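Structure data (mmCIF, C-alpha atoms) from start_30.cif:
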```cif
data_start
#
loop_
_atom_site.label_atom_id
_atom_site.label_comp_id
_atom_site.auth_asym_id
_atom_site.auth_seq_id
_atom_site.Cartn_x
_atom_site.Cartn_y
_atom_site.Cartn_z
CA PHE L 30 118.50 105.04 95.62
CA ASP L 31 117.22 102.50 93.17
CA ILE L 32 114.05 104.00 91.73
CA HIS L 33 113.22 107.59 90.88
CA GLY L 34 109.65 108.45 89.98
CA GLY L 35 108.15 111.45 88.35
CA GLY L 36 105.49 112.55 85.96
CA LEU L 37 105.90 112.26 82.22
CA ASP L 38 105.71 116.04 82.08
CA LEU L 39 108.90 116.38 84.17
CA ILE L 40 111.32 114.35 82.09
CA PHE L 41 113.24 117.31 80.65
CA PRO L 42 114.85 119.40 82.10
CA HIS L 43 113.70 118.52 85.62
CA HIS L 44 115.44 115.16 85.83
CA GLU L 45 118.62 116.39 84.22
CA ASN L 46 118.80 119.05 86.96
CA GLU L 47 118.36 116.40 89.66
CA ILE L 48 121.12 114.28 88.15
CA ALA L 49 123.43 117.28 88.01
CA GLN L 50 122.73 118.12 91.65
CA SER L 51 123.42 114.58 92.82
CA ARG L 52 126.58 114.20 90.77
CA SER L 53 127.92 117.58 91.89
CA ALA L 54 127.53 116.34 95.46
CA GLY L 55 129.53 113.23 94.52
CA LEU L 56 126.53 110.91 94.63
CA LYS L 57 125.11 108.53 92.09
CA PHE L 58 121.51 108.94 91.09
CA ALA L 59 118.71 106.45 90.55
CA ARG L 60 119.35 103.18 88.75
CA PHE L 61 115.81 103.06 87.35
CA TRP L 62 113.57 105.83 86.11
CA VAL L 63 109.79 105.42 86.38
CA HIS L 64 107.84 108.13 84.61
CA HIS L 65 104.17 107.87 85.36
CA ALA L 66 101.21 109.24 83.48
CA LEU L 67 99.16 112.02 84.97
CA LEU L 68 96.34 112.01 87.45
CA ASN L 69 93.62 114.16 85.92
CA LEU L 70 90.90 116.02 87.73
CA GLY L 71 88.34 117.07 85.17
CA GLU L 72 90.07 118.09 81.97
CA ALA L 73 93.40 119.08 83.57
CA LYS L 74 96.22 117.29 85.33
CA MET L 75 96.00 117.45 89.09
CA SER L 76 98.73 119.79 90.27
CA LYS L 77 99.53 122.26 93.00
CA SER L 78 100.35 124.92 90.44
CA LEU L 79 96.85 124.67 88.96
CA GLY L 80 95.24 124.58 92.40
CA ASN L 81 93.17 121.49 91.61
CA VAL L 82 94.52 119.10 94.22
CA ILE L 83 92.67 116.63 96.38
CA ASP L 84 94.89 115.74 99.32
CA VAL L 85 94.87 112.64 101.49
CA ALA L 86 92.99 114.44 104.27
CA ALA L 87 90.17 115.25 101.84
CA VAL L 88 90.11 111.64 100.65
CA GLN L 89 89.95 110.42 104.24
CA ALA L 90 87.08 112.84 104.93
CA MET L 91 85.20 110.94 102.19
CA GLY L 92 85.59 107.73 104.22
CA ILE L 93 88.46 106.37 102.12
CA ARG L 94 91.44 104.95 104.00
CA PRO L 95 94.99 105.57 102.77
CA VAL L 96 95.39 101.88 101.83
CA GLU L 97 92.28 102.13 99.67
CA LEU L 98 93.73 105.20 97.95
CA ARG L 99 96.96 103.26 97.39
CA TYR L 100 94.94 100.42 95.84
CA TYR L 101 93.08 102.92 93.60
CA LEU L 102 96.31 104.48 92.38
CA GLY L 103 97.91 101.06 91.81
CA THR L 104 95.12 99.49 89.77
CA PRO L 105 96.07 101.04 86.42
CA HIS L 106 99.51 100.65 84.90
CA TYR L 107 101.72 103.49 86.11
CA ARG L 108 102.03 104.85 82.57
CA SER L 109 98.24 104.98 82.12
CA ARG L 110 96.49 108.24 82.81
CA ILE L 111 94.02 108.21 85.70
CA ASP L 112 90.91 110.32 85.30
CA TYR L 113 89.99 110.86 88.92
CA SER L 114 86.39 110.58 90.04
CA ASP L 115 84.88 110.11 93.46
CA GLU L 116 82.89 107.19 92.04
CA ALA L 117 86.00 105.37 90.77
CA LEU L 118 87.75 105.95 94.10
CA HIS L 119 84.79 104.50 96.00
CA GLU L 120 84.66 101.50 93.64
CA ALA L 121 88.35 100.84 94.32
CA ALA L 122 87.70 101.09 98.06
CA VAL L 123 84.95 98.48 97.75
CA ALA L 124 87.27 96.21 95.75
CA TYR L 125 89.99 96.51 98.39
CA ARG L 126 87.46 95.78 101.14
CA ARG L 127 86.59 92.55 99.28
CA ILE L 128 90.29 91.62 99.44
CA GLU L 129 90.30 92.37 103.16
CA GLY L 130 87.12 90.34 103.58
CA PHE L 131 88.73 87.28 102.03
CA VAL L 132 91.85 87.66 104.16
CA GLN L 133 89.74 88.04 107.32
CA ARG L 134 87.49 85.04 106.55
CA ALA L 135 90.47 82.85 105.69
CA LEU L 136 92.32 84.05 108.80
CA GLU L 137 89.41 82.96 110.99
CA VAL L 138 89.59 79.45 109.54
CA VAL L 139 93.33 78.78 109.18
CA GLY L 140 95.17 81.55 111.02
CA PRO L 141 97.40 84.16 109.40
CA GLY L 142 99.76 81.77 107.65
CA ARG L 143 103.21 82.75 106.51
CA PRO L 144 103.35 84.60 103.23
CA LYS L 145 105.26 82.52 100.70
CA ASP L 146 106.62 83.11 97.28
CA VAL L 147 104.47 84.89 94.77
CA PRO L 148 103.12 82.88 91.84
CA PRO L 149 105.05 83.02 88.57
CA SER L 150 102.18 84.88 86.87
CA PHE L 151 102.37 87.66 89.48
CA ALA L 152 106.16 87.90 89.18
CA ALA L 153 105.85 87.99 85.39
CA ALA L 154 103.34 90.86 85.60
CA MET L 155 105.59 92.84 87.93
CA ASN L 156 108.61 92.11 85.74
CA ASP L 157 106.65 93.38 82.74
CA ASP L 158 107.31 97.08 83.38
CA LEU L 159 105.71 97.02 86.86
CA ASN L 160 102.35 95.97 85.47
CA THR L 161 100.41 96.30 88.72
CA SER L 162 97.15 96.06 86.83
CA ALA L 163 97.97 92.53 85.64
CA ALA L 164 99.47 91.67 89.03
CA LEU L 165 96.25 92.66 90.79
CA ALA L 166 94.30 90.48 88.35
CA VAL L 167 96.39 87.54 89.61
CA VAL L 168 95.56 88.55 93.20
CA HIS L 169 91.84 88.56 92.40
CA ASP L 170 92.10 85.18 90.63
CA CYS L 171 93.72 83.67 93.74
CA ILE L 172 91.04 85.22 95.94
CA ARG L 173 88.34 83.60 93.77
CA GLU L 174 90.09 80.25 94.29
CA GLY L 175 90.31 80.98 98.00
CA ASN L 176 86.62 81.83 98.21
CA THR L 177 85.83 78.54 96.47
CA ALA L 178 87.98 76.74 99.06
CA LEU L 179 86.21 78.62 101.86
CA ALA L 180 82.81 77.58 100.50
CA ALA L 181 83.97 73.95 100.31
CA GLY L 182 85.62 73.98 103.75
CA ASP L 183 88.93 73.01 102.10
CA GLU L 184 91.43 74.17 104.74
CA ALA L 185 94.49 73.29 102.65
CA GLY L 186 93.09 75.28 99.75
CA ILE L 187 92.21 78.18 102.04
CA ARG L 188 95.68 78.20 103.57
CA GLY L 189 97.36 78.00 100.17
CA ALA L 190 95.28 80.85 98.75
CA LEU L 191 95.73 83.01 101.84
CA THR L 192 99.50 82.68 101.96
CA VAL L 193 99.89 83.39 98.25
CA VAL L 194 97.47 86.33 98.35
CA ARG L 195 99.28 87.80 101.36
CA ALA L 196 102.64 87.40 99.64
CA MET L 197 101.40 89.30 96.58
CA LEU L 198 99.71 91.98 98.67
CA GLY L 199 102.92 92.36 100.66
CA VAL L 200 104.85 93.16 97.49
CA LEU L 201 102.28 95.84 96.68
CA GLY L 202 102.16 97.25 100.21
CA LEU L 203 98.52 96.18 100.54
CA ASP L 204 98.56 93.23 103.00
CA PRO L 205 95.83 94.08 105.50
CA LEU L 206 97.55 92.06 108.22
CA GLU L 207 100.77 94.06 107.81
CA LEU L 208 98.86 97.35 108.01
CA LEU L 209 97.47 96.70 111.50
#
```

Would you mind giving the structure from this file in structure tokens?
Amino acid sequence: FDIHGGGLDLIFPHHENEIAQSRSAGLKFARFWVHHALLNLGEAKMSKSLGNVIDVAAVQAMGIRPVELRYYLGTPHYRSRIDYSDEALHEAAVAYRRIEGFVQRALEVVGPGRPKDVPPSFAAAMNDDLNTSAALAVVHDCIREGNTALAAGDEAGIRGALTVVRAMLGVLGLDPLELL
């Protein structure tokens, strides 16, 4: 596989053991290593061994959909620590619902459109060590332009913003029309 992910706390010897297992089976291992910072709950990292885990079912019981959780976890850079709070999770859910709202309003005016290429600024952010935080800023900038086009009744502008926004959201696994 291309990408292997794991927490910064598992770099040694965990990954060396995984490499050894794969190579002993005659397989290559990951081409890219992505070591993410920790998700903290209170003062400690969230982990099964510490017993301080909030699972997806618990998050869903709070009224948060899996896509909103994905958005929440993707908003900081993967190497930035996340200090979990219910409030921050709910704020992320609201932000994602605003994205969905734009897509839905634009869809009603111009149809779904075909996602096209992502803008250079989005590609540059993703090429900068998977900087999803900067990439999502580009998404929100395009949504602001799309909302301006919606307010002006500019169908070409709406269509352009919608297709670009959907292309970027598709890269991030967040396109609401692909999640239906």

For this session: Quick one: apply the PyMOL selection byres ((chain L and resi 71) around 9) to the file and drop the selected residues here as a list of chain:residue names.
Result: L:Asn69, L:Leu70, L:Glu72, L:Ala73, L:Lys74, L:Met75, L:Asp112, L:Tyr113, L:Ser114

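The environment of Gln133 of chain L within 12 Å, counting only C-alpha atoms and disregarding residues fewer than 3 places along the same chain, consists of Arg126, Arg127, Ile128, Glu129, Gly130, Leu136, Glu137, Val138, Val139, Gly140, Pro141, Gly142, Ile172, Gly175, Asn176, Leu179, Ile187, Leu191, Val194, Arg195, Asp204, Pro205 and Leu206 of chain L.
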
What are the centre and the three edge lengths of an axis-aligned box that wraps all atoms of segment 146-162 of chain L in the file, given that 4 Å is added to every side, written as JSON and rounded to one decimal in Å?
```
{"center_x": 102.9, "center_y": 90.0, "center_z": 90.0, "size_x": 19.5, "size_y": 22.2, "size_z": 22.5}
```

Problem set entry | Selection result for the PyMOL selection byres ((chain L and resi 99) around 12) on this file, as a PyMOL selection string | chain L and resi 85+88+93-98+100-105+118+121-122+125+161+198+201-204

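The gap separating atom CA of Ile111 of chain L from atom CA of Leu68 of chain L is 4.8 Å, in Å to one decimal.
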
Seminar exercise, completed: Counting all atoms listed in the file, closest pick from L:Arg143, L:His106, L:Arg173, L:Arg188 relative to Asn160 of chain L is L:His106

Can you list, as an mmCIF file with C-alpha atoms, keeping the file's coordinate frame, every protein, DNA or RNA residue that comes within 7 Å of Phe61 of chain L when you count only C-alpha atoms, leaving out same-chain residues fewer than 3 positions away?
```cif
data_model
loop_
_atom_site.group_PDB
_atom_site.id
_atom_site.type_symbol
_atom_site.label_atom_id
_atom_site.label_comp_id
_atom_site.auth_asym_id
_atom_site.auth_seq_id
_atom_site.Cartn_x
_atom_site.Cartn_y
_atom_site.Cartn_z
ATOM 1 C CA ASP L 31 117.220 102.500 93.170
ATOM 2 C CA ILE L 32 114.050 104.000 91.730
ATOM 3 C CA HIS L 33 113.220 107.590 90.880
#
```

Exercise. What gap, in Å, lies between atom CA of Phe151 of chain L and atom CA of Ala66 of chain L?
Worked result: 22.4 Å

Exercise. Just so the selection is clear, what residues does the PyMOL selection byres ((chain L and resi 164) around 9) cover here, as an MDAnalysis selection string?
Worked result: chainID L and resid 104 150:155 159:163 165:169 197

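Across the model, the gap from atom CA of Leu39 of chain L to atom CA of Asn156 of chain L is 24.3 Å.
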
Problem set entry | Shortest interatomic distance to Arg110 of chain L - which of L:Gly36, L:Gly199, L:Gly80, L:Gly182, counting all atoms listed in the file | L:Gly36

Put segment 181-204 of chain L into a file with N, CA, C and O atoms, as a tab-separated table (two decimals), in the first residue's frame.
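Printed below is decode_3.tsv as written:
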```tsv
chain	number	residue	atom	x	y	z
L	181	ALA	N	-26.27	36.98	-6.33
L	181	ALA	CA	-26.38	37.80	-7.55
L	181	ALA	C	-27.15	37.09	-8.66
L	181	ALA	O	-27.42	37.69	-9.70
L	182	GLY	N	-27.49	35.82	-8.46
L	182	GLY	CA	-28.16	35.06	-9.52
L	182	GLY	C	-27.24	34.75	-10.69
L	182	GLY	O	-27.71	34.53	-11.81
L	183	ASP	N	-25.96	34.72	-10.46
L	183	ASP	CA	-24.95	34.47	-11.49
L	183	ASP	C	-24.77	32.96	-11.67
L	183	ASP	O	-23.97	32.34	-10.98
L	184	GLU	N	-25.53	32.38	-12.60
L	184	GLU	CA	-25.50	30.92	-12.77
L	184	GLU	C	-24.14	30.39	-13.18
L	184	GLU	O	-23.72	29.32	-12.72
L	185	ALA	N	-23.42	31.11	-14.01
L	185	ALA	CA	-22.08	30.65	-14.40
L	185	ALA	C	-21.15	30.64	-13.19
L	185	ALA	O	-20.37	29.70	-12.99
L	186	GLY	N	-21.24	31.67	-12.37
L	186	GLY	CA	-20.43	31.72	-11.16
L	186	GLY	C	-20.82	30.63	-10.17
L	186	GLY	O	-19.95	30.03	-9.51
L	187	ILE	N	-22.11	30.38	-10.06
L	187	ILE	CA	-22.60	29.32	-9.17
L	187	ILE	C	-22.06	27.98	-9.64
L	187	ILE	O	-21.51	27.19	-8.86
L	188	ARG	N	-22.21	27.71	-10.92
L	188	ARG	CA	-21.76	26.44	-11.49
L	188	ARG	C	-20.26	26.25	-11.31
L	188	ARG	O	-19.77	25.20	-10.92
L	189	GLY	N	-19.50	27.32	-11.59
L	189	GLY	CA	-18.05	27.25	-11.44
L	189	GLY	C	-17.65	26.96	-10.00
L	189	GLY	O	-16.81	26.10	-9.73
L	190	ALA	N	-18.27	27.67	-9.05
L	190	ALA	CA	-17.95	27.46	-7.64
L	190	ALA	C	-18.35	26.05	-7.20
L	190	ALA	O	-17.59	25.36	-6.52
L	191	LEU	N	-19.54	25.62	-7.60
L	191	LEU	CA	-20.01	24.30	-7.19
L	191	LEU	C	-19.11	23.19	-7.69
L	191	LEU	O	-18.75	22.28	-6.94
L	192	THR	N	-18.72	23.25	-8.95
L	192	THR	CA	-17.90	22.16	-9.49
L	192	THR	C	-16.51	22.13	-8.85
L	192	THR	O	-15.97	21.06	-8.58
L	193	VAL	N	-15.96	23.30	-8.57
L	193	VAL	CA	-14.64	23.35	-7.93
L	193	VAL	C	-14.74	22.88	-6.48
L	193	VAL	O	-13.91	22.11	-6.00
L	194	VAL	N	-15.77	23.35	-5.77
L	194	VAL	CA	-15.96	22.94	-4.38
L	194	VAL	C	-16.15	21.43	-4.31
L	194	VAL	O	-15.55	20.75	-3.47
L	195	ARG	N	-16.97	20.88	-5.19
L	195	ARG	CA	-17.20	19.43	-5.16
L	195	ARG	C	-15.92	18.66	-5.49
L	195	ARG	O	-15.66	17.60	-4.90
L	196	ALA	N	-15.10	19.18	-6.38
L	196	ALA	CA	-13.85	18.50	-6.70
L	196	ALA	C	-12.94	18.46	-5.48
L	196	ALA	O	-12.35	17.42	-5.15
L	197	MET	N	-12.85	19.58	-4.77
L	197	MET	CA	-12.00	19.61	-3.57
L	197	MET	C	-12.57	18.71	-2.47
L	197	MET	O	-11.82	17.96	-1.83
L	198	LEU	N	-13.88	18.78	-2.26
L	198	LEU	CA	-14.49	17.94	-1.25
L	198	LEU	C	-14.34	16.46	-1.59
L	198	LEU	O	-14.18	15.62	-0.70
L	199	GLY	N	-14.35	16.14	-2.88
L	199	GLY	CA	-14.16	14.76	-3.30
L	199	GLY	C	-12.79	14.24	-2.92
L	199	GLY	O	-12.65	13.09	-2.47
L	200	VAL	N	-11.78	15.07	-3.06
L	200	VAL	CA	-10.42	14.68	-2.67
L	200	VAL	C	-10.38	14.37	-1.18
L	200	VAL	O	-9.71	13.42	-0.74
L	201	LEU	N	-11.13	15.13	-0.40
L	201	LEU	CA	-11.11	14.98	1.06
L	201	LEU	C	-12.12	13.96	1.57
L	201	LEU	O	-12.20	13.72	2.77
L	202	GLY	N	-12.89	13.38	0.66
L	202	GLY	CA	-13.92	12.42	1.07
L	202	GLY	C	-15.08	13.09	1.78
L	202	GLY	O	-15.74	12.50	2.63
L	203	LEU	N	-15.38	14.33	1.40
L	203	LEU	CA	-16.41	15.12	2.07
L	203	LEU	C	-17.52	15.63	1.14
L	203	LEU	O	-18.35	16.41	1.57
L	204	ASP	N	-17.54	15.21	-0.12
L	204	ASP	CA	-18.56	15.69	-1.06
L	204	ASP	C	-19.92	15.15	-0.64
L	204	ASP	O	-20.16	13.95	-0.68
```
